[in-house]
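Below: start.txt (compact mmCIF, C-alpha atoms)
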```
# COMPACT_ATOMS: atom_id res chain seq x y z
CA MET A 278 -37.87 9.66 0.35
CA LEU A 279 -38.44 9.70 4.11
CA LEU A 280 -37.08 12.32 6.52
CA ILE A 281 -37.64 11.76 10.26
CA THR A 282 -36.54 14.13 13.02
CA LEU A 283 -36.60 12.85 16.58
CA ASP A 284 -37.19 16.14 18.34
CA SER A 285 -34.69 16.89 21.15
CA CYS A 286 -33.23 13.36 21.13
CA ARG A 287 -29.73 13.29 22.59
CA PHE A 288 -27.03 11.20 20.95
CA ASP A 289 -26.33 9.33 24.18
CA THR A 290 -30.02 8.50 24.50
CA PHE A 291 -29.95 6.83 21.08
CA GLN A 292 -26.76 5.00 21.98
CA ARG A 293 -28.27 3.51 25.14
CA ALA A 294 -31.72 2.72 23.78
CA ARG A 295 -32.97 -0.52 22.22
CA THR A 296 -33.95 0.57 18.70
CA PRO A 297 -34.07 -2.50 16.45
CA HIS A 298 -36.21 -0.81 13.79
CA LEU A 299 -34.60 2.63 13.75
CA SER A 300 -31.15 1.07 13.69
CA GLN A 301 -31.97 -0.86 10.52
CA VAL A 302 -31.72 2.44 8.63
CA GLY A 303 -27.94 2.28 9.06
CA PRO A 304 -25.16 2.81 11.59
CA VAL A 305 -25.66 5.70 13.99
CA HIS A 306 -23.26 8.59 13.54
CA LYS A 307 -22.38 11.18 16.17
CA ALA A 308 -23.30 14.36 14.33
CA GLN A 309 -23.55 18.07 14.97
CA ALA A 310 -26.97 19.65 14.56
CA PRO A 311 -27.23 22.82 12.45
CA SER A 312 -28.93 24.62 15.35
CA TYR A 313 -29.90 24.22 19.01
CA PHE A 314 -33.68 24.61 18.65
CA THR A 315 -36.38 23.19 16.41
CA TYR A 316 -37.04 26.09 14.05
CA GLY A 317 -33.39 26.84 13.42
CA SER A 318 -32.45 23.24 12.62
CA HIS A 319 -35.43 22.56 10.38
CA ALA A 320 -34.95 25.84 8.52
CA ALA A 321 -31.38 24.67 7.81
CA ILE A 322 -32.55 21.19 6.79
CA TRP A 323 -35.00 22.80 4.37
CA MET A 324 -31.86 24.20 2.68
CA GLY A 325 -30.14 20.80 2.62
CA PHE A 326 -27.99 21.33 5.73
CA THR A 327 -28.75 18.13 7.61
CA PRO A 328 -26.81 17.27 10.80
CA GLY A 329 -23.27 16.35 9.90
CA LEU A 330 -19.92 14.97 10.98
CA THR A 331 -17.93 18.18 11.02
CA HIS A 332 -14.47 16.59 10.66
CA SER A 333 -15.48 14.16 7.92
CA ARG A 334 -14.86 14.83 4.24
CA GLN A 335 -17.47 12.29 3.22
CA PRO A 336 -20.43 13.70 1.25
CA TRP A 337 -23.87 13.24 2.82
CA LEU A 338 -22.41 12.52 6.25
CA ASN A 339 -21.01 16.06 6.14
CA PRO A 340 -23.23 18.41 4.13
CA LYS A 341 -20.28 20.80 3.78
CA ALA A 342 -18.50 18.11 1.76
CA GLY A 343 -21.63 17.30 -0.25
CA LYS A 344 -25.34 17.54 0.45
CA LEU A 345 -27.67 14.63 -0.19
CA MET A 346 -30.39 17.22 -0.90
CA ARG A 347 -28.53 19.87 -2.88
CA MET A 348 -30.25 23.18 -3.54
CA ALA A 349 -29.30 25.11 -6.64
CA ASN A 350 -27.47 28.39 -5.94
CA ALA A 351 -27.33 27.73 -2.20
CA GLY A 352 -23.72 28.64 -1.49
CA PHE A 353 -20.89 26.09 -1.60
CA SER A 354 -22.32 22.95 -3.18
CA GLY A 355 -19.66 20.50 -2.05
CA ASN A 356 -17.83 18.00 -4.20
CA ASP A 357 -20.49 15.32 -4.60
CA ALA A 358 -22.37 14.85 -7.85
CA ASP A 359 -24.65 12.02 -6.72
CA GLY A 360 -26.89 14.03 -4.41
CA ILE A 361 -30.48 14.86 -5.28
CA GLN A 362 -30.40 18.07 -7.33
CA LEU A 363 -33.21 20.42 -6.30
CA SER A 364 -34.35 23.90 -7.29
CA GLY A 365 -36.66 26.38 -5.63
CA PRO A 366 -36.82 28.14 -2.25
CA ASN A 367 -36.47 24.93 -0.18
CA VAL A 368 -36.07 21.17 -0.52
CA ILE A 369 -39.83 20.56 -0.24
CA GLU A 370 -40.57 22.72 -3.26
CA GLY A 371 -37.57 21.13 -4.95
CA PHE A 372 -39.07 17.66 -4.61
CA ARG A 373 -42.43 18.95 -5.82
CA ARG A 374 -40.78 20.27 -8.98
CA LEU A 375 -39.39 16.78 -9.55
CA GLY A 376 -42.93 15.39 -9.43
CA TYR A 377 -42.99 14.20 -5.83
CA ARG A 378 -46.06 14.45 -3.62
CA THR A 379 -44.80 16.28 -0.52
CA ILE A 380 -46.34 15.08 2.75
CA GLY A 381 -45.37 16.44 6.17
CA THR A 382 -46.39 16.31 9.80
CA GLY A 383 -44.76 18.07 12.75
CA ALA A 384 -45.56 17.48 16.41
CA VAL A 385 -44.02 20.48 18.16
CA GLY A 386 -45.41 23.99 18.20
CA TRP A 387 -42.92 25.41 15.73
CA PHE A 388 -44.90 23.55 13.01
CA ASP A 389 -48.28 25.06 13.88
CA PRO A 390 -49.62 26.32 10.51
CA GLY A 391 -51.85 28.74 12.42
CA THR A 392 -48.82 30.84 13.34
CA GLU A 393 -46.71 32.90 10.97
CA THR A 394 -43.51 31.17 12.05
CA GLY A 395 -45.10 27.72 11.83
CA ALA A 396 -46.35 28.50 8.35
CA VAL A 397 -42.77 29.01 7.14
CA LEU A 398 -41.99 25.37 7.95
CA SER A 399 -45.35 23.80 7.08
CA GLN A 400 -46.80 25.68 4.09
CA PRO A 401 -44.39 24.35 1.43
CA PHE A 402 -45.94 20.87 1.68
CA ASP A 403 -48.76 19.64 -0.55
CA ALA A 404 -50.36 18.23 2.60
CA PHE A 405 -49.42 18.95 6.22
CA PHE A 406 -50.79 17.74 9.55
CA TYR A 407 -50.18 19.44 12.89
CA PRO A 408 -51.76 17.38 15.70
CA GLY A 409 -51.77 20.16 18.31
CA ASN A 410 -49.50 18.54 20.92
CA THR A 411 -46.14 16.79 21.10
CA TRP A 412 -47.33 13.25 21.89
CA SER A 413 -49.44 12.28 18.87
CA LEU A 414 -47.22 9.90 16.92
CA ARG A 415 -49.99 7.34 16.39
CA GLN A 416 -52.24 10.04 14.90
CA GLN A 417 -49.40 11.27 12.72
CA LEU A 418 -48.64 7.80 11.40
CA GLU A 419 -52.30 7.12 10.67
CA TRP A 420 -52.47 10.39 8.74
CA ILE A 421 -49.31 9.53 6.75
CA ASP A 422 -50.83 6.14 5.88
CA GLN A 423 -53.95 7.87 4.60
CA GLN A 424 -51.89 10.23 2.45
CA LEU A 425 -49.81 7.42 0.97
CA GLU A 426 -52.90 5.32 0.26
CA ILE A 427 -54.02 8.02 -2.19
CA LEU A 428 -50.91 7.51 -4.31
CA THR A 429 -50.28 4.79 -6.83
CA ALA A 430 -47.26 2.53 -6.47
CA SER A 431 -45.40 4.54 -9.13
CA ASP A 432 -46.06 7.98 -7.59
CA PRO A 433 -42.94 9.34 -5.83
CA ALA A 434 -43.39 10.88 -2.39
CA PHE A 435 -41.30 12.99 -0.05
CA VAL A 436 -42.48 12.29 3.50
CA PHE A 437 -41.43 14.30 6.54
CA LEU A 438 -42.19 13.30 10.13
CA ASN A 439 -41.24 15.29 13.22
CA VAL A 440 -41.60 13.07 16.32
CA GLY A 441 -42.53 14.87 19.53
CA GLU A 442 -42.44 12.15 22.16
CA THR A 443 -38.67 12.59 22.65
CA HIS A 444 -39.23 16.32 23.30
CA VAL A 445 -39.91 17.54 26.84
CA PRO A 446 -41.83 16.46 28.87
CA TYR A 447 -40.60 13.06 27.52
CA TRP A 448 -43.94 11.27 27.51
CA HIS A 449 -45.86 8.90 25.23
CA GLU A 450 -49.26 7.29 25.11
CA ASP A 451 -49.61 4.47 27.64
CA ALA A 452 -46.50 5.63 29.56
CA ASP A 453 -46.26 4.42 33.15
CA TRP A 454 -45.36 7.89 34.46
CA PRO A 455 -47.38 11.15 34.53
CA ARG A 456 -47.01 13.64 31.69
CA GLU A 457 -46.31 16.49 34.10
CA PRO A 458 -44.22 17.80 35.71
CA SER A 459 -41.43 17.66 33.17
CA PRO A 460 -38.09 16.47 34.57
CA CYS A 461 -36.32 19.04 32.40
CA VAL A 462 -37.24 22.72 32.28
CA PRO A 463 -35.06 25.77 31.59
CA PHE A 464 -33.01 27.18 34.47
CA ASP A 465 -33.03 25.77 37.98
CA SER A 466 -36.14 23.95 39.10
CA PRO A 467 -36.84 21.57 41.98
CA ASN A 468 -38.38 19.18 39.42
CA ASN A 469 -35.27 18.99 37.23
CA SER A 470 -33.77 15.52 37.30
CA ARG A 471 -31.04 14.13 35.06
CA ARG A 472 -31.94 10.58 36.07
CA HIS A 473 -35.62 10.95 35.22
CA SER A 474 -34.84 12.85 32.01
CA ARG A 475 -32.51 10.09 30.85
CA ARG A 476 -34.93 7.30 31.76
CA GLN A 477 -38.00 8.95 30.24
CA GLN A 478 -36.42 10.08 26.97
CA ARG A 479 -34.93 6.63 26.45
CA ALA A 480 -38.29 4.96 27.16
CA CYS A 481 -39.98 7.34 24.73
CA LEU A 482 -37.42 6.57 22.02
CA GLU A 483 -37.89 2.83 22.48
CA TRP A 484 -41.67 3.27 22.24
CA VAL A 485 -41.22 5.40 19.10
CA ASP A 486 -39.03 2.65 17.62
CA GLN A 487 -41.86 0.15 17.88
CA GLU A 488 -44.43 2.55 16.46
CA LEU A 489 -42.27 3.39 13.44
CA GLU A 490 -41.69 -0.22 12.35
CA ARG A 491 -44.35 -0.21 9.64
CA LEU A 492 -43.37 3.14 8.13
CA LEU A 493 -39.69 2.23 8.08
CA ASN A 494 -40.46 -1.10 6.41
CA ARG A 495 -42.44 0.77 3.78
CA PHE A 496 -39.31 2.76 2.90
CA ALA A 497 -36.84 -0.13 3.31
CA ASN A 498 -35.53 0.20 -0.24
CA GLU A 499 -35.73 3.97 -0.45
CA THR A 500 -33.76 6.98 0.78
CA VAL A 501 -34.17 7.69 4.51
CA ILE A 502 -32.65 10.38 6.71
CA LEU A 503 -33.19 9.82 10.43
CA CYS A 504 -31.79 12.35 12.89
CA ALA A 505 -32.50 14.60 15.83
CA ASP A 506 -32.85 18.32 15.23
CA HIS A 507 -31.06 19.11 18.51
CA GLY A 508 -30.52 17.66 21.96
CA ASP A 509 -31.21 18.82 25.51
CA CYS A 510 -29.00 19.83 28.42
CA TRP A 511 -29.50 17.81 31.56
CA GLY A 512 -27.59 19.89 34.07
CA GLU A 513 -24.31 20.07 32.16
CA ASP A 514 -22.60 23.34 33.13
CA GLY A 515 -25.75 24.15 35.11
CA LEU A 516 -27.91 24.25 31.96
CA TRP A 517 -31.25 22.60 31.23
CA GLU A 518 -33.34 21.96 28.11
CA HIS A 519 -32.51 23.53 24.71
CA GLY A 520 -32.49 26.91 22.97
CA ILE A 521 -28.88 27.38 24.10
CA SER A 522 -25.66 26.70 22.21
CA HIS A 523 -23.95 23.85 24.06
CA TRP A 524 -22.37 20.54 23.07
CA ALA A 525 -25.34 18.68 24.62
CA THR A 526 -27.87 20.54 22.45
CA LEU A 527 -25.74 20.26 19.31
CA THR A 528 -24.69 16.58 19.49
CA VAL A 529 -27.29 14.37 17.81
CA PRO A 530 -27.76 10.95 16.22
CA LEU A 531 -27.73 10.69 12.43
CA LEU A 532 -28.61 7.59 10.39
CA MET A 533 -28.91 7.54 6.60
CA ARG A 534 -29.91 5.09 3.91
CA VAL A 535 -29.59 6.17 0.29
CA ARG A 536 -31.49 4.25 -2.37
CA GLY A 537 -31.74 1.31 0.00
CA GLU A 538 -28.08 1.26 1.03
CA PRO A 539 -26.98 2.30 4.56
CA VAL A 540 -24.45 5.14 4.62
CA ARG A 541 -21.35 4.10 6.56
CA ALA A 542 -18.33 6.16 7.46
CA ARG A 543 -15.42 5.33 5.21
CA ALA A 544 -12.05 4.48 6.71
CA LYS A 545 -9.79 7.51 6.86
```
Turn this file's structure into C-alpha cells for me.
Amino acid sequence: MLLITLDSCRFDTFQRARTPHLSQVGPVHKAQAPSYFTYGSHAAIWMGFTPGLTHSRQPWLNPKAGKLMRMANAGFSGNDADGIQLSGPNVIEGFRRLGYRTIGTGAVGWFDPGTETGAVLSQPFDAFFYPGNTWSLRQQLEWIDQQLEILTASDPAFVFLNVGETHVPYWHEDADWPREPSPCVPFDSPNNSRRHSRRQQRACLEWVDQELERLLNRFANETVILCADHGDCWGEDGLWEHGISHWATLTVPLLMRVRGEPVRARAK
C-alpha cells in the first residue's frame, strides 16, 4: 500500500496542473481535509480519517461512511466491510501486525524524529527518513527505493511519502526562480503574491508528478491513497498560508486506487 500526501497542495492547483502520472491513480475528488495544518491532518490519517467528501455516503471517499483503513475500537466504524481491518494505536502499527514492512519519509518539520512532536508521527514506522528540509523529494525517493530493494517480491509493504515541494516556499530542485522570499507568508507581507503562489505551487506539483512516475508505476496494481493534508490561503478574506480554519486550507485533492481499481464517485 502507498500513501502520499502533497503537503499544502490546494485543490485548484491540482485541477489546473498537468499531472499525467498522479492522475492515473484515479479521478480527482474535491475533498475536505481533517485539519488545516500538517500535524493535525496526519494524526487523523493515522487513525484512518483520510480527507473525505463530506456529503457523500460512499465508503472510502467519505471515511465517516466507511474507512479504507479501519482501526478497531476507533469510534463509529461506518458501514463498509471491505476496508482494511487494523488493530493497534495507529494504522502504521496496524499494518505491521498484518506482516507489512512499514516505510515512511516526511519532508516537513512536523516529521522531524529529533523532536517530541515529530516522533509521534515518525516513530511508529519500521524505517523512517527525515531529509531535514522541504525540498528533498529525489532523496526521499532514492531512500524508498533502497528500502523496497531489501524486500522480496512477496513481502508486503506500507509506504508513506510526505512531499514538501508543494509546501511554502513552493520550490523544487532546478526551479527557475529563487527559493526565497516565499510568495506566501502568514499575515500581511509586501512579498505576498497570489499570482506567484499559484504559479510556483503549480510548477512544483508538475515537477513532483514527473519525479513520482517510477514509484507510482511500482504500485500500479496496489492500493494507493494520494491527497493533500491541507491547503493554503492566498489572500482570501485577507488570510495567508495555513494553520487557520478556512475553506482554502480545508479543500484538498483526493485520489484513490484500491487493489488496482480507481475509486470513482457513484451516481447519486
Please identify all polymer residues within 9 Å of stretch 411-423 of chain A, counting all atoms listed in the file, omitting same-chain residues fewer than 6 positions from it, and present them as a ChimeraX atom specification.
/A:380-386,436,438-450,485,488-489,492
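Shortest atom-to-atom contact with A:Met533 among A:Glu457, A:Arg293, A:Asp403, A:Val501: A:Val501, counting all atoms listed in the file.
The space separating atom CA of A:Arg378 from atom CA of A:Thr394 comes to 23.1 Å.
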At a cut-off of 6 Å, using all atoms listed in the file, what residues contact stretch 459-467 of chain A? Leave out same-chain residues fewer than 5 positions from it and give the result as a PDB file with C-alpha atoms, in the coordinates of the input.
```pdb
ATOM      1  CA  PRO A 446     -41.830  16.460  28.870  1.00  0.00           C
ATOM      2  CA  SER A 474     -34.840  12.850  32.010  1.00  0.00           C
ATOM      3  CA  TRP A 517     -31.250  22.600  31.230  1.00  0.00           C
ATOM      4  CA  GLU A 518     -33.340  21.960  28.110  1.00  0.00           C
TER       5      GLU A 518
END
```
Contacts between stretch 311-333 of chain A and stretch 436-533 of chain A, please, where a residue of stretch 436-533 of chain A counts if it comes within 6 Å (with all atoms listed in the file); show its shortest atom pair and distance in Å to one decimal, rows by chain and ascending number, as JSON lines.
```
{"residue": "A:Asp506", "atom": "CA", "partner": "A:Ser318", "partner_atom": "CA", "distance": 5.6}
{"residue": "A:His507", "atom": "CA", "partner": "A:Tyr313", "partner_atom": "CA", "distance": 5.3}
{"residue": "A:Gly520", "atom": "CA", "partner": "A:Phe314", "partner_atom": "CA", "distance": 5.0}
{"residue": "A:Ser522", "atom": "CA", "partner": "A:Tyr313", "partner_atom": "CA", "distance": 5.9}
{"residue": "A:Thr526", "atom": "CA", "partner": "A:Tyr313", "partner_atom": "CA", "distance": 5.4}
{"residue": "A:Leu527", "atom": "CA", "partner": "A:Tyr313", "partner_atom": "CA", "distance": 5.8}
```
Write the residues you've just listed into a file as a CSV table (one decimal), keeping the file's coordinate frame, and include C-alpha atoms for each of them.
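Contents of result-v6.csv, as written:
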```csv
chain,number,residue,atom,x,y,z
A,506,ASP,CA,-32.8,18.3,15.2
A,507,HIS,CA,-31.1,19.1,18.5
A,520,GLY,CA,-32.5,26.9,23.0
A,522,SER,CA,-25.7,26.7,22.2
A,526,THR,CA,-27.9,20.5,22.4
A,527,LEU,CA,-25.7,20.3,19.3
```
So which residues touch A:Leu531 within 8 Å, counting only C-alpha atoms, skipping near sequence neighbours fewer than 3 positions away, as a list in words?
Val305, His306, Lys307, Ala308, Pro328, Gly329, Ile502, Leu503, Cys504 and Ala505 of chain A
For stretch 540-544 of chain A, work out the shell of residues within 7 Å, counting only C-alpha atoms and skipping chain neighbours fewer than 3 positions away, then give it as a count of residues only.
5
Around all the atoms of stretch 437-451 of chain A listed in the file, draw an axis-aligned box and extend it by 4 Å on each of the six sides; I want its centre and edge lengths in Å to one decimal, as lines of an AutoDock Vina configuration file.
```
center_x = -44.1
center_y = 11.0
center_z = 17.7
size_x = 18.9
size_y = 21.1
size_z = 30.3
```
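Between atom CA of A:Met346 and atom CA of A:Pro433 there is a distance of 15.6 Å.
Shortest separation to A:Ile361 among A:Gln301, A:Ser399, A:Gln487, A:Thr500 occurs at residue A:Thr500, atoms counted being all atoms listed in the file.
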Can you rebuild stretch 290-301 of chain A with all heavy atoms and give it as a PDB file, in the frame of the given file?
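Once everything was written out, this is part.pdb:
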```
ATOM      1  N   THR A 290     -28.755   9.214  24.346  1.00  0.00           N
ATOM      2  CA  THR A 290     -30.020   8.500  24.500  1.00  0.00           C
ATOM      3  C   THR A 290     -30.148   7.432  23.421  1.00  0.00           C
ATOM      4  O   THR A 290     -30.502   6.280  23.694  1.00  0.00           O
ATOM      5  CB  THR A 290     -31.211   9.465  24.418  1.00  0.00           C
ATOM      6  OG1 THR A 290     -31.184  10.356  25.537  1.00  0.00           O
ATOM      7  CG2 THR A 290     -32.541   8.706  24.433  1.00  0.00           C
ATOM      8  N   PHE A 291     -29.853   7.811  22.178  1.00  0.00           N
ATOM      9  CA  PHE A 291     -29.950   6.830  21.080  1.00  0.00           C
ATOM     10  C   PHE A 291     -28.963   5.696  21.282  1.00  0.00           C
ATOM     11  O   PHE A 291     -29.284   4.527  21.029  1.00  0.00           O
ATOM     12  CB  PHE A 291     -29.703   7.527  19.738  1.00  0.00           C
ATOM     13  CG  PHE A 291     -30.214   6.748  18.560  1.00  0.00           C
ATOM     14  CD1 PHE A 291     -31.423   7.072  17.970  1.00  0.00           C
ATOM     15  CD2 PHE A 291     -29.501   5.666  18.054  1.00  0.00           C
ATOM     16  CE1 PHE A 291     -31.908   6.341  16.890  1.00  0.00           C
ATOM     17  CE2 PHE A 291     -29.966   4.931  16.985  1.00  0.00           C
ATOM     18  CZ  PHE A 291     -31.175   5.265  16.401  1.00  0.00           C
ATOM     19  N   GLN A 292     -27.766   6.021  21.734  1.00  0.00           N
ATOM     20  CA  GLN A 292     -26.760   5.000  21.980  1.00  0.00           C
ATOM     21  C   GLN A 292     -27.226   3.956  22.992  1.00  0.00           C
ATOM     22  O   GLN A 292     -26.970   2.763  22.833  1.00  0.00           O
ATOM     23  CB  GLN A 292     -25.468   5.641  22.495  1.00  0.00           C
ATOM     24  CG  GLN A 292     -24.481   6.081  21.447  1.00  0.00           C
ATOM     25  CD  GLN A 292     -23.162   6.441  22.074  1.00  0.00           C
ATOM     26  OE1 GLN A 292     -23.093   7.167  23.066  1.00  0.00           O
ATOM     27  NE2 GLN A 292     -22.086   5.940  21.497  1.00  0.00           N
ATOM     28  N   ARG A 293     -27.896   4.401  24.042  1.00  0.00           N
ATOM     29  CA  ARG A 293     -28.270   3.510  25.140  1.00  0.00           C
ATOM     30  C   ARG A 293     -29.582   2.763  24.885  1.00  0.00           C
ATOM     31  O   ARG A 293     -29.852   1.747  25.525  1.00  0.00           O
ATOM     32  CB  ARG A 293     -28.408   4.309  26.439  1.00  0.00           C
ATOM     33  CG  ARG A 293     -27.106   4.930  26.947  1.00  0.00           C
ATOM     34  CD  ARG A 293     -27.322   5.583  28.295  1.00  0.00           C
ATOM     35  NE  ARG A 293     -26.076   6.119  28.841  1.00  0.00           N
ATOM     36  CZ  ARG A 293     -25.799   7.406  28.957  1.00  0.00           C
ATOM     37  NH1 ARG A 293     -26.692   8.309  28.574  1.00  0.00           N
ATOM     38  NH2 ARG A 293     -24.652   7.811  29.469  1.00  0.00           N
ATOM     39  N   ALA A 294     -30.384   3.269  23.969  1.00  0.00           N
ATOM     40  CA  ALA A 294     -31.720   2.720  23.780  1.00  0.00           C
ATOM     41  C   ALA A 294     -31.703   1.458  22.922  1.00  0.00           C
ATOM     42  O   ALA A 294     -30.794   1.228  22.120  1.00  0.00           O
ATOM     43  CB  ALA A 294     -32.630   3.767  23.143  1.00  0.00           C
ATOM     44  N   ARG A 295     -32.743   0.640  23.089  1.00  0.00           N
ATOM     45  CA  ARG A 295     -32.970  -0.520  22.220  1.00  0.00           C
ATOM     46  C   ARG A 295     -33.846  -0.064  21.055  1.00  0.00           C
ATOM     47  O   ARG A 295     -35.039   0.191  21.242  1.00  0.00           O
ATOM     48  CB  ARG A 295     -33.634  -1.649  23.007  1.00  0.00           C
ATOM     49  CG  ARG A 295     -32.781  -2.218  24.134  1.00  0.00           C
ATOM     50  CD  ARG A 295     -33.490  -3.355  24.859  1.00  0.00           C
ATOM     51  NE  ARG A 295     -34.715  -2.892  25.501  1.00  0.00           N
ATOM     52  CZ  ARG A 295     -34.759  -2.349  26.720  1.00  0.00           C
ATOM     53  NH1 ARG A 295     -33.639  -2.210  27.423  1.00  0.00           N
ATOM     54  NH2 ARG A 295     -35.906  -1.966  27.241  1.00  0.00           N
ATOM     55  N   THR A 296     -33.242   0.032  19.878  1.00  0.00           N
ATOM     56  CA  THR A 296     -33.950   0.570  18.700  1.00  0.00           C
ATOM     57  C   THR A 296     -33.755  -0.356  17.503  1.00  0.00           C
ATOM     58  O   THR A 296     -33.118   0.026  16.510  1.00  0.00           O
ATOM     59  CB  THR A 296     -33.429   1.985  18.370  1.00  0.00           C
ATOM     60  OG1 THR A 296     -31.989   1.917  18.188  1.00  0.00           O
ATOM     61  CG2 THR A 296     -33.758   2.972  19.479  1.00  0.00           C
ATOM     62  N   PRO A 297     -34.299  -1.554  17.549  1.00  0.00           N
ATOM     63  CA  PRO A 297     -34.070  -2.500  16.450  1.00  0.00           C
ATOM     64  C   PRO A 297     -34.574  -2.014  15.095  1.00  0.00           C
ATOM     65  O   PRO A 297     -33.979  -2.336  14.061  1.00  0.00           O
ATOM     66  CB  PRO A 297     -34.804  -3.760  16.908  1.00  0.00           C
ATOM     67  CG  PRO A 297     -35.813  -3.283  17.905  1.00  0.00           C
ATOM     68  CD  PRO A 297     -35.164  -2.118  18.593  1.00  0.00           C
ATOM     69  N   HIS A 298     -35.644  -1.247  15.073  1.00  0.00           N
ATOM     70  CA  HIS A 298     -36.210  -0.810  13.790  1.00  0.00           C
ATOM     71  C   HIS A 298     -35.519   0.454  13.284  1.00  0.00           C
ATOM     72  O   HIS A 298     -35.164   0.535  12.097  1.00  0.00           O
ATOM     73  CB  HIS A 298     -37.713  -0.586  13.949  1.00  0.00           C
ATOM     74  CG  HIS A 298     -38.421  -1.767  14.512  1.00  0.00           C
ATOM     75  ND1 HIS A 298     -38.448  -2.987  13.880  1.00  0.00           N
ATOM     76  CD2 HIS A 298     -39.109  -1.940  15.686  1.00  0.00           C
ATOM     77  CE1 HIS A 298     -39.128  -3.859  14.609  1.00  0.00           C
ATOM     78  NE2 HIS A 298     -39.525  -3.247  15.708  1.00  0.00           N
ATOM     79  N   LEU A 299     -35.307   1.425  14.159  1.00  0.00           N
ATOM     80  CA  LEU A 299     -34.600   2.630  13.750  1.00  0.00           C
ATOM     81  C   LEU A 299     -33.181   2.300  13.300  1.00  0.00           C
ATOM     82  O   LEU A 299     -32.684   2.849  12.311  1.00  0.00           O
ATOM     83  CB  LEU A 299     -34.556   3.636  14.903  1.00  0.00           C
ATOM     84  CG  LEU A 299     -35.892   4.202  15.392  1.00  0.00           C
ATOM     85  CD1 LEU A 299     -35.693   5.052  16.634  1.00  0.00           C
ATOM     86  CD2 LEU A 299     -36.570   5.024  14.299  1.00  0.00           C
ATOM     87  N   SER A 300     -32.545   1.390  13.992  1.00  0.00           N
ATOM     88  CA  SER A 300     -31.150   1.070  13.690  1.00  0.00           C
ATOM     89  C   SER A 300     -30.983   0.314  12.382  1.00  0.00           C
ATOM     90  O   SER A 300     -29.859   0.210  11.857  1.00  0.00           O
ATOM     91  CB  SER A 300     -30.540   0.254  14.837  1.00  0.00           C
ATOM     92  OG  SER A 300     -30.496   1.042  16.022  1.00  0.00           O
ATOM     93  N   GLN A 301     -32.061  -0.202  11.819  1.00  0.00           N
ATOM     94  CA  GLN A 301     -31.970  -0.860  10.520  1.00  0.00           C
ATOM     95  C   GLN A 301     -31.735   0.142   9.392  1.00  0.00           C
ATOM     96  O   GLN A 301     -31.325  -0.243   8.294  1.00  0.00           O
ATOM     97  CB  GLN A 301     -33.242  -1.659  10.246  1.00  0.00           C
ATOM     98  CG  GLN A 301     -33.335  -2.947  11.059  1.00  0.00           C
ATOM     99  CD  GLN A 301     -34.585  -3.743  10.737  1.00  0.00           C
ATOM    100  OE1 GLN A 301     -35.385  -3.370   9.885  1.00  0.00           O
ATOM    101  NE2 GLN A 301     -34.761  -4.849  11.431  1.00  0.00           N
TER     102      GLN A 301
END
```
